[in-house]
Every structure is written in structure tokens, then in C-alpha cells.
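Written out below as C-alpha cells is the structure these notes cover.
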Amino acid sequence: MESLKFIFVTGGVMSSVGKGIVSASIGKLLQSAGVNVYSVKMDPYVNVDAGTMNPFQHGEVFVTEDGGETDLDLGHYERFLNINLSREANITTGLVYKNVIERERRGDYLGQTVQIIPHVVDEIKRLLRKNLVSSKAEVQIVEVGGTVGDIEGLPFLEAIRQLRMEEGYGNTLFVHVSLLPTLEVTGEIKTKPTQHSVQELRRIGVQPDVIVARSREPIGDQVKEKLSLFSSVPKEAIFSSYNVKSIYEVPLVLEAQGMGSYVMRRLGLSATNSDAGAGDHMGSWRSFVSNITGCDKEVSIYMVGKYATFQDAYLSVVEALVHSSAHIRVKPRLRWVESEAIEHTSAAEALREADGVMVLPGFGKRGTEGKISATEWARVNRVPFLGICFGMQLAVVEYARSVLGLDANSTENDPGTPNPVVDLLPEQGSVVDKGGTMRLGSYEVETVEGSIIRRLYGSTVIRERHRHRYEVNPAYVGRLRERGLNITAVSRVGARVEAVEIRDHPFFLATQFHPEFKSRPMSPSPPYLGFVKSIASAKHGVEG
Ligand code: GLN
């Protein structure tokens with residue numbers, strides 16, 4: 001069997017140094033040379049998947065086509081590489097142990113003492129190889145979550161150490177992304193923390209082959225020489241990832257230093273195409289980046305949600321707005337509004353300067369009245385509006401209250417509401433476990449002729465990703481329709497409400513599905529693009 005090729009990306013000094021973006025960028029560089037790549041994230045936490053975690057802890061839960069609730073880095077990989085990943089591309093400690101323990105209970109290890117080495121580590125290696133084989137990619141980029149030195153990351157580092165032995169030096173590459181802090185007072189870039197984290201890696205038996213030095217400014221030769229000396233990494237394998245305006249610039253920054261060809265050479269890959277990839281060329285990537293960084297016509301979008309203080313909770317939504325804005329060359333200025341804060345002032349006060357309003361996805365009662373007032377304000381004042389998932393459900397509540405005059409709510413917020421216009425999906429009634437039990441992943445949706453949504457997608461049947469337990473109650477659909485709320489998309493199976501619109505409004509669209517998960521740099525999500533276009537044309541006369 002042909003050997004498998006892996007690039008392992010570890011992180012040094014602290015978390016949030018941008019390992020995910022560097023991993024995605026390396027993939028992008030290989031892809032642009034015609035290499036077929038796939039990406040995997042290993043997360044050391046014990047949750048089986050990211051679905052049960054509060055977005056305040058790890059940011060958004062990214063939903064894959066096949067309904068996996070995964071780490072947000074998978075979203076970066078999908079967007080940079082323009083590929084769809086499977087739920088299996090996110091390997092957590094919880095999943096690894098679950099598989100091992102299930103096997104132990106079945107008796108598959110009969111007679112053996114089940115241990116971290118070899119059994120847990122073997123399971124990690126099995127999952128990595130399985131991903132690479134089923135994706136049919138030539139190279140798999142594996143990001144090891146957490147920071148080198150964490151106790152819980154040890155089995156993952158042991159697995160990559162063993163894979164080097166098994167697949168060979170020429171087929172494996174260890175990339176260490178590490179922070180080089182700058183001293184405020186002297187402006188000096190310090191390498192010591194990175195020296196320590198390389199030592200920690202070596203102690204475990206992993207000698208990095210490449211260092212990506214994450215710093216405020218580009219690093220000079222002297223710093224590279226010092227890093228090279230202390231870490232035994234050749235100077236030509238030390239790359240600088242400095243602060244840039246947009247994450248999408250990172251592949252360009254690394255490419256300018258020759259990282260793509262270095263990695264190709266080191267893994268014995270030959271460029272089959274000087275500028276290929278899954279439809280994305282570096283040339284068009286470059287113009288996409290210059291559209292992001294070079295536009296000055298602002299559109300100010302007010303983002304109403306419960307996690308407004310932590311924007312990673314809505315990462316894909318933000319990226320979909322970035323893609324859409326770049327497409328029509330405007331600059332999105334996002335203003336984050338805590339929905340609860342609106343309850344203490346008023347929507348008119350909080351949203352006064354909004355060119356457009358989004359009501360974001362979410363769970364639970366807190367802040368819902370604020371979201372409902374924001375929706376009402378945008379509807380009545382004819383300000384472009386986009387609601388996603390919970391945002392759509394609450395738009396229906398708002399309409400039922402204001403236009404139908406009902407004392408209405410979602411049963412998620414008020415289980416005893418006299419008019420449950422939004423209620424549990426029928427199949428959710430018997431669900432007890434919280435993990436992986438929502439209506440998840442891609443489903444077919446039919447759009448209605450003459451609607452905004454049909455115009456934006458240009459097709460009758462679309463596929464979008466979902467993550468919800470509640471839906472618009474079918475018992476109210478007739479009344480809502482009669483009073484002018486247009487149901488403009490329904491699921492192919494079960495005829496569930498998937499989108500609502502209001503006529504006589506510049507742009508009022510809300511969807512049950514999450515179109516942001518499929519937005520890509522070169523092909524922005526249609527609802528987001530339509531929303532940003534409607535704002536831009538009202539404000540600047542910009543037509544996309
Ligand atoms: N809380 C709502 C539900 O479960 C909406 C979920 C969401 O916005 N993702 O249906």
C-alpha cells in the first residue's frame with residue numbers, strides 16, 4: 001500500500017495563536033499546487049463532540065453536511081479549502097475513549113489490560129488513517145488542539161510520534177506554531193517561550209520540522225537564526241506569521257516566504273498544477289483579499305444575540321458577511337448588541353444607526369424579548385433584516401404578537417404560552433440525551449416561486465445545514481400566511497417552515513437553516529449576499 005502523508009500542526013506557548021488558520025493556510029498552499037488535501041482537528045477535551053459545549057467556552061459549534069457538531073476550526077478548513085468535511089474530521093478525547101470503551105465492553109480486547117498505550121493511541125491512529133483513506137486525499141493536515149504541555153494532549157502527541165515511525169520521515173511533517181511575544185517597553189521580539197515549548201515537544205519525542213512564528217511584526221533574520229539554533233530547525237523552515245488585517249491574508253503571507261514549495265519538497269510532492277485547487281486559484285484569492293482590505297464604503301450591521309460579547313460564538317455568520325461584503329466591495333462594520341441590553345433600553349435607541357439588523361442563532365429564554373423588539377423595529381422601520389434559526393422563530397413570534405394580536409411565544413421560552421407558534425419538532429418529544437440529538441446537518445428545502453429566497457438561490461430545491469429542536473408550529477401556519485407572513489421555503493420531507501419573508505419591505509428574510517455554514521470566499525451564501533446587497537444599494541447605490 002502506498003504510504004499516507006500527514007502534516008501535523010501543534011501549538012506552543014498559549015492557545016489562540018492561530019493554529020487553525022495556519023493549518024488551513026498550509027492546505028491552501030498545497031491545494032493551489034494541485035495537491036488534494038483533507039483536514040482534521042484533534043481536540044483533547046473529553047466531550048464526545050462540540051455540540052454540548054457553551055459557545056462562550058470554545059466559540060461556535062460548526063455543523064458539517066453530515067450533521068456533525070464540530071470545532072469551529074473545521075469551518076476555517078472548509079472555507080479556505082472549499083471542501084466539505086465529514087463529522088469524522090473532528091476527533092476528540094471523548095470520542096476516542098468512547099470507541100475504546102465500547103470495544104472493551106463488546107469483548108474485543110478480551111484478556112488484555114486496556115491502556116492508554118497502546119489501545120487509546122492506536123484508536124487515535126486508526127481514526128486518522130480512516131479519514132485519510134476515505135477522503136482519498138494525498139495529504140492530510142492534522143491540527144492538534146490545545147497547547148504542547150497540556151496533560152490531556154499527551155496521547156495525541158504520542159500518536160503523531162508513532163505515525164512518524166510508521167509512515168516514515170518523508171511522509172510526515174511536524175509544524176509547530178508558536179507565539180513570539182513582543183516586549184511592550186523595548187519593542188523586542190522574544191523567542192524564549194518558543195524555545196521552551198520546542199523543548200517540551202522534544203521531551204515527548206517530537207522534533208519539529210517547521211516553525212511558524214506568530215508575532216505582531218514580521219520577524220527578521222536574527223530572530224530566525226536564534227530560533228533555528230535553539231530549536232534545531234533549519235532557518236529556511238522558519239516562517240513568520242505576523243498580524244494581518246484579514247485571516248485570508250495568511251496563505252499569501254506564508255506563500256511569499258516560500259512555505260508551499262518547502263512543504264512540497266519535504267513531502268516529496270510534485271506540483272501537478274501551478275494554480276489549481278478546488279476551483280480556487282491563488283489569483284482570485286488575492287483579489288478576494290484585496291476586496292476585504294481595500295474597500296471603504298461602510299455598511300453598518302447590528303448583530304443582536306446573547307453572546308454578543310464573544311464574537312467567536314458566531315464565527316461562520318461573520319465570515320459569511322465578510323465573503324458577501326467582499327463580493328460587492330463594501331466594508332462591513334459589525335456592531336454587537338447584547339439582546340438583553342435592548343430590554344433595558346429600547347430597540348429604537350440601541351439600533352438607531354443600523355443600516356441592517358441580524359438576529360442571531362441561539363438557545364434559551366434569556367434576551368429573547370430584546371431580539372423580538374429588534375425584529376419588530378427592523379420590520380416596522382423597513383430596515384434590511386436577516387434572522388437565522390432562533391432569529392426566524394422569534395420573527396414568527398413577533399409577527400404573531402404584533403400583527404395577529406396573539407399572546408404568543410415559543411415553548412422554548414415559555415412552556416405554558418397560550419399560543420405556541422414555535423414548538424418542539426414532533427420527533428424531539430421522546431429525546432432525552434442532549435448530545436447529537438437535534439435536527440442536524442443538511443436537508444433538502446423547496447423554495448417558493450416569486451420569493452426573495454428563490455431569486456437569491458436561483459433554484460427550486462436547495463440543501464442547507466440545520467441545528468435546531470424547535471420549529472414553526474404547523475397549526476399556526478395558515479393564520480400567519482393569511483395575515484401576510486410569507487412562508488417561502490419548506491423542507492422537502494415533512495413540509496417544515498424553512499424561511500419566512502415579508503412583502504413591502506426592502507429586505508426581510510429569516511431562515512430556519514444556517515446558510516452561513518456553506519458560505520465560501522468565492523461563493524458567498526445567497527441569503528447573506530442578498531442581505532448585504534440590499535443594505536449597500538440603499539446606502540451607497542452599490543449594485544452587486
Ligand atoms: N433554540 C432554537 C431551537 O432549538 C434555535 C436553535 C438555533 O438557533 N440554532 O430550535
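Labels for the C-alpha cells follow display order: chains A, B, ..., residues from 1 in each chain, ligands from 1.
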**Prompt:** Hey, what's within 12 Å of Asp221 (chain A) if we count only C-alpha atoms and toss same-chain stuff fewer than 4 positions away? As an MDAnalysis selection string, please?
**Reply:** chainID A and resid 225:228 235:236 238:240
**Message:** I need the residues in region 298-374 of chain A that are alpha helix (DSSP H) according to DSSP; give them as an MDAnalysis selection string.
**Reply:** chainID A and resid 315:327 339:344 347:351 368:374
**Message:** Using only C-alpha atoms and all ligand atoms, which residues have at least one atom no more than 9 Å from ligand 1? Output them as a list in words.
**Reply:**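 Based on only C-alpha atoms and all ligand atoms, ligand 1 is surrounded within 9 Å by Leu360, Pro361, Gly362, Phe363, Gly364, Lys365, Ile388, Cys389, Phe390, Gly391, Met392, Gln393, Glu412, Val422, Asp423, Leu424, Leu425, Met438, Arg439, His466, Arg467, His468, Arg469, Tyr470, Glu471, Gln512, Phe513 and His514 of chain A.
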Residues of the last selection are to be written out with C-alpha atoms, as a short mmCIF file (atom, residue, chain, number, x, y, z; two decimals), in the first residue's frame.
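Result went into again_9.cif, see below:
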```
data_model
loop_
_atom_site.label_atom_id
_atom_site.label_comp_id
_atom_site.auth_asym_id
_atom_site.auth_seq_id
_atom_site.Cartn_x
_atom_site.Cartn_y
_atom_site.Cartn_z
CA LEU A 360 -28.51 35.58 15.52
CA PRO A 361 -29.00 31.90 16.29
CA GLY A 362 -29.32 30.91 19.93
CA PHE A 363 -30.87 28.85 22.67
CA GLY A 364 -32.86 29.64 25.77
CA LYS A 365 -35.07 32.40 27.05
CA ILE A 388 -31.15 32.90 11.42
CA CYS A 389 -32.66 29.85 13.12
CA PHE A 390 -33.76 31.19 16.53
CA GLY A 391 -33.85 34.52 14.68
CA MET A 392 -36.52 33.11 12.36
CA GLN A 393 -38.50 31.52 15.15
CA GLU A 412 -38.63 27.03 24.46
CA VAL A 422 -43.00 27.81 17.77
CA ASP A 423 -42.92 24.37 19.33
CA LEU A 424 -40.75 21.27 19.66
CA LEU A 425 -40.24 19.28 16.50
CA MET A 438 -31.10 17.99 17.38
CA ARG A 439 -32.26 18.13 13.77
CA HIS A 466 -29.58 22.73 10.28
CA ARG A 467 -29.22 22.69 14.05
CA HIS A 468 -32.45 23.03 15.98
CA ARG A 469 -35.04 21.32 18.19
CA TYR A 470 -37.98 23.67 17.64
CA GLU A 471 -39.96 24.68 14.55
CA GLN A 512 -34.66 28.09 9.90
CA PHE A 513 -31.49 26.68 8.37
CA HIS A 514 -27.99 28.11 8.83
#
```
**Item:** Residue neighbourhood region 138-141 of chain A, 12 Å, only C-alpha atoms, exclusion window fewer than 6 positions, as an MDAnalysis selection string
**Value:** chainID A and resid 2:10 19:31 34:42 74 77 81 85 89 128:132 160 171:175 263:264 267:270
**Request:** Could you please write out, as a count of residues only, every residue of region 57-107 of chain A that DSSP assigns to strand (DSSP E or B)?
**Result:** 7
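Shell of region 45-52 of chain A at 7 Å, with only C-alpha atoms counted and residues fewer than 4 places along the chain excluded, is A:Val61, A:Glu69, A:Thr70, A:Asp71, A:Thr92, A:Thr93, A:Gly94, A:Leu95, A:Gly435, A:Gly436.
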The selected residues should be written to file as a PDB file, in the first residue's frame (atoms: N, CA and C atoms).
```pdb
ATOM      1  N   VAL A  61     -20.321  26.275  17.404  1.00  0.00           N
ATOM      2  CA  VAL A  61     -20.338  24.859  17.039  1.00  0.00           C
ATOM      3  C   VAL A  61     -20.534  24.816  15.524  1.00  0.00           C
ATOM      4  N   GLU A  69     -21.484  17.963  14.933  1.00  0.00           N
ATOM      5  CA  GLU A  69     -21.372  19.227  15.677  1.00  0.00           C
ATOM      6  C   GLU A  69     -19.917  19.343  16.087  1.00  0.00           C
ATOM      7  N   THR A  70     -19.188  20.196  15.401  1.00  0.00           N
ATOM      8  CA  THR A  70     -17.725  20.131  15.484  1.00  0.00           C
ATOM      9  C   THR A  70     -17.099  21.450  15.923  1.00  0.00           C
ATOM     10  N   ASP A  71     -15.784  21.375  16.099  1.00  0.00           N
ATOM     11  CA  ASP A  71     -14.997  22.539  16.468  1.00  0.00           C
ATOM     12  C   ASP A  71     -15.003  23.582  15.345  1.00  0.00           C
ATOM     13  N   THR A  92     -12.122  13.817  19.105  1.00  0.00           N
ATOM     14  CA  THR A  92     -11.952  14.316  20.473  1.00  0.00           C
ATOM     15  C   THR A  92     -11.518  13.169  21.388  1.00  0.00           C
ATOM     16  N   THR A  93     -10.983  13.541  22.549  1.00  0.00           N
ATOM     17  CA  THR A  93     -10.654  12.516  23.554  1.00  0.00           C
ATOM     18  C   THR A  93     -11.903  11.705  23.888  1.00  0.00           C
ATOM     19  N   GLY A  94     -13.034  12.424  24.014  1.00  0.00           N
ATOM     20  CA  GLY A  94     -14.285  11.747  24.357  1.00  0.00           C
ATOM     21  C   GLY A  94     -14.641  10.670  23.337  1.00  0.00           C
ATOM     22  N   LEU A  95     -14.496  11.000  22.067  1.00  0.00           N
ATOM     23  CA  LEU A  95     -14.827  10.050  21.007  1.00  0.00           C
ATOM     24  C   LEU A  95     -13.875   8.848  21.044  1.00  0.00           C
ATOM     25  N   GLY A 435     -26.805  15.274  23.667  1.00  0.00           N
ATOM     26  CA  GLY A 435     -25.721  15.245  22.682  1.00  0.00           C
ATOM     27  C   GLY A 435     -26.136  14.658  21.344  1.00  0.00           C
ATOM     28  N   GLY A 436     -25.956  15.441  20.270  1.00  0.00           N
ATOM     29  CA  GLY A 436     -26.170  14.942  18.910  1.00  0.00           C
ATOM     30  C   GLY A 436     -27.600  14.592  18.566  1.00  0.00           C
TER      31      GLY A 436
END
```
Excluding region 178-182 of chain A and any residue of its chain fewer than 4 positions from it, enumerate the residues within 9 Å of it, using only C-alpha atoms, and give them as a CSV table (one decimal) with N, CA, C and O atoms, in the first residue's frame.
```csv
chain,number,residue,atom,x,y,z
A,10,THR,N,1.1,21.5,15.6
A,10,THR,CA,1.0,21.7,17.1
A,10,THR,C,1.1,23.1,17.5
A,10,THR,O,1.6,24.0,16.7
A,11,GLY,N,0.7,23.5,18.7
A,11,GLY,CA,0.7,24.9,19.1
A,11,GLY,C,1.6,25.1,20.4
A,11,GLY,O,1.5,24.2,21.3
A,12,GLY,N,2.3,26.1,20.4
A,12,GLY,CA,3.2,26.4,21.5
A,12,GLY,C,2.8,27.7,22.2
A,12,GLY,O,2.3,28.6,21.7
A,13,VAL,N,3.2,27.7,23.5
A,13,VAL,CA,3.1,28.9,24.4
A,13,VAL,C,1.7,29.1,24.9
A,13,VAL,O,1.5,29.2,26.1
A,14,MET,N,0.8,29.3,24.0
A,14,MET,CA,-0.6,29.5,24.5
A,14,MET,C,-1.6,29.2,23.4
A,14,MET,O,-1.2,29.1,22.3
A,17,VAL,N,-3.2,31.0,19.1
A,17,VAL,CA,-2.1,31.7,18.3
A,17,VAL,C,-2.4,31.5,16.8
A,17,VAL,O,-1.6,32.0,16.0
A,18,GLY,N,-3.5,30.9,16.5
A,18,GLY,CA,-3.8,30.9,15.1
A,18,GLY,C,-3.4,29.6,14.4
A,18,GLY,O,-3.2,29.6,13.2
A,19,LYS,N,-3.4,28.5,15.2
A,19,LYS,CA,-3.0,27.2,14.6
A,19,LYS,C,-4.0,26.8,13.5
A,19,LYS,O,-3.7,26.2,12.5
A,186,THR,N,10.4,47.7,25.1
A,186,THR,CA,11.5,47.9,24.1
A,186,THR,C,11.1,47.5,22.7
A,186,THR,O,11.9,47.8,21.8
A,187,GLY,N,10.0,46.9,22.5
A,187,GLY,CA,9.6,46.5,21.2
A,187,GLY,C,10.3,45.3,20.7
A,187,GLY,O,10.3,44.9,19.5
A,188,GLU,N,11.0,44.6,21.7
A,188,GLU,CA,11.9,43.5,21.3
A,188,GLU,C,11.0,42.2,21.2
A,188,GLU,O,10.1,41.9,22.0
A,189,ILE,N,11.3,41.4,20.1
A,189,ILE,CA,10.6,40.1,20.0
A,189,ILE,C,11.3,39.0,20.7
A,189,ILE,O,12.5,38.9,20.6
A,190,LYS,N,10.6,38.3,21.6
A,190,LYS,CA,11.3,37.3,22.5
A,190,LYS,C,11.0,35.9,22.0
A,190,LYS,O,9.9,35.5,21.6
A,191,THR,N,12.1,35.1,22.0
A,191,THR,CA,12.0,33.7,21.5
A,191,THR,C,11.9,32.7,22.6
A,191,THR,O,11.7,31.5,22.4
A,192,LYS,N,12.2,33.1,23.8
A,192,LYS,CA,12.4,32.1,24.9
A,192,LYS,C,11.2,31.2,25.1
A,192,LYS,O,11.3,30.0,25.2
A,193,PRO,N,9.9,31.8,25.2
A,193,PRO,CA,8.8,30.9,25.4
A,193,PRO,C,8.7,29.8,24.3
A,193,PRO,O,8.4,28.6,24.6
A,194,THR,N,9.1,30.2,23.0
A,194,THR,CA,9.0,29.2,22.0
A,194,THR,C,10.1,28.1,22.2
A,194,THR,O,9.9,26.9,21.9
A,197,SER,N,8.8,25.7,24.5
A,197,SER,CA,7.7,24.8,24.0
A,197,SER,C,8.3,23.8,23.1
A,197,SER,O,7.9,22.6,23.0
A,198,VAL,N,9.4,24.2,22.3
A,198,VAL,CA,10.1,23.2,21.5
A,198,VAL,C,10.7,22.1,22.4
A,198,VAL,O,10.7,20.9,22.1
A,211,ILE,N,8.9,25.6,11.9
A,211,ILE,CA,8.3,26.5,12.9
A,211,ILE,C,7.6,27.7,12.2
A,211,ILE,O,8.1,28.3,11.3
A,212,VAL,N,6.3,27.9,12.6
A,212,VAL,CA,5.6,29.1,12.2
A,212,VAL,C,5.6,30.0,13.4
A,212,VAL,O,5.0,29.7,14.4
A,213,ALA,N,6.3,31.1,13.3
A,213,ALA,CA,6.5,32.0,14.4
A,213,ALA,C,5.4,33.1,14.3
A,213,ALA,O,5.3,33.9,13.4
A,214,ARG,N,4.6,33.1,15.3
A,214,ARG,CA,3.4,34.0,15.3
A,214,ARG,C,3.8,35.2,16.1
A,214,ARG,O,4.1,35.2,17.3
A,215,SER,N,3.8,36.4,15.5
A,215,SER,CA,4.3,37.6,16.2
A,215,SER,C,3.5,38.8,15.6
A,215,SER,O,2.8,38.7,14.6
A,216,ARG,N,3.7,39.9,16.3
A,216,ARG,CA,3.0,41.1,15.9
A,216,ARG,C,3.5,41.6,14.6
A,216,ARG,O,2.8,41.9,13.7
A,217,GLU,N,4.9,41.7,14.5
A,217,GLU,CA,5.5,42.2,13.3
A,217,GLU,C,6.2,41.0,12.6
A,217,GLU,O,6.5,40.1,13.2
```
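When CA of Asp66 (chain A) is paired with CA of Glu444 (chain A), their separation reads 12.7 Å.
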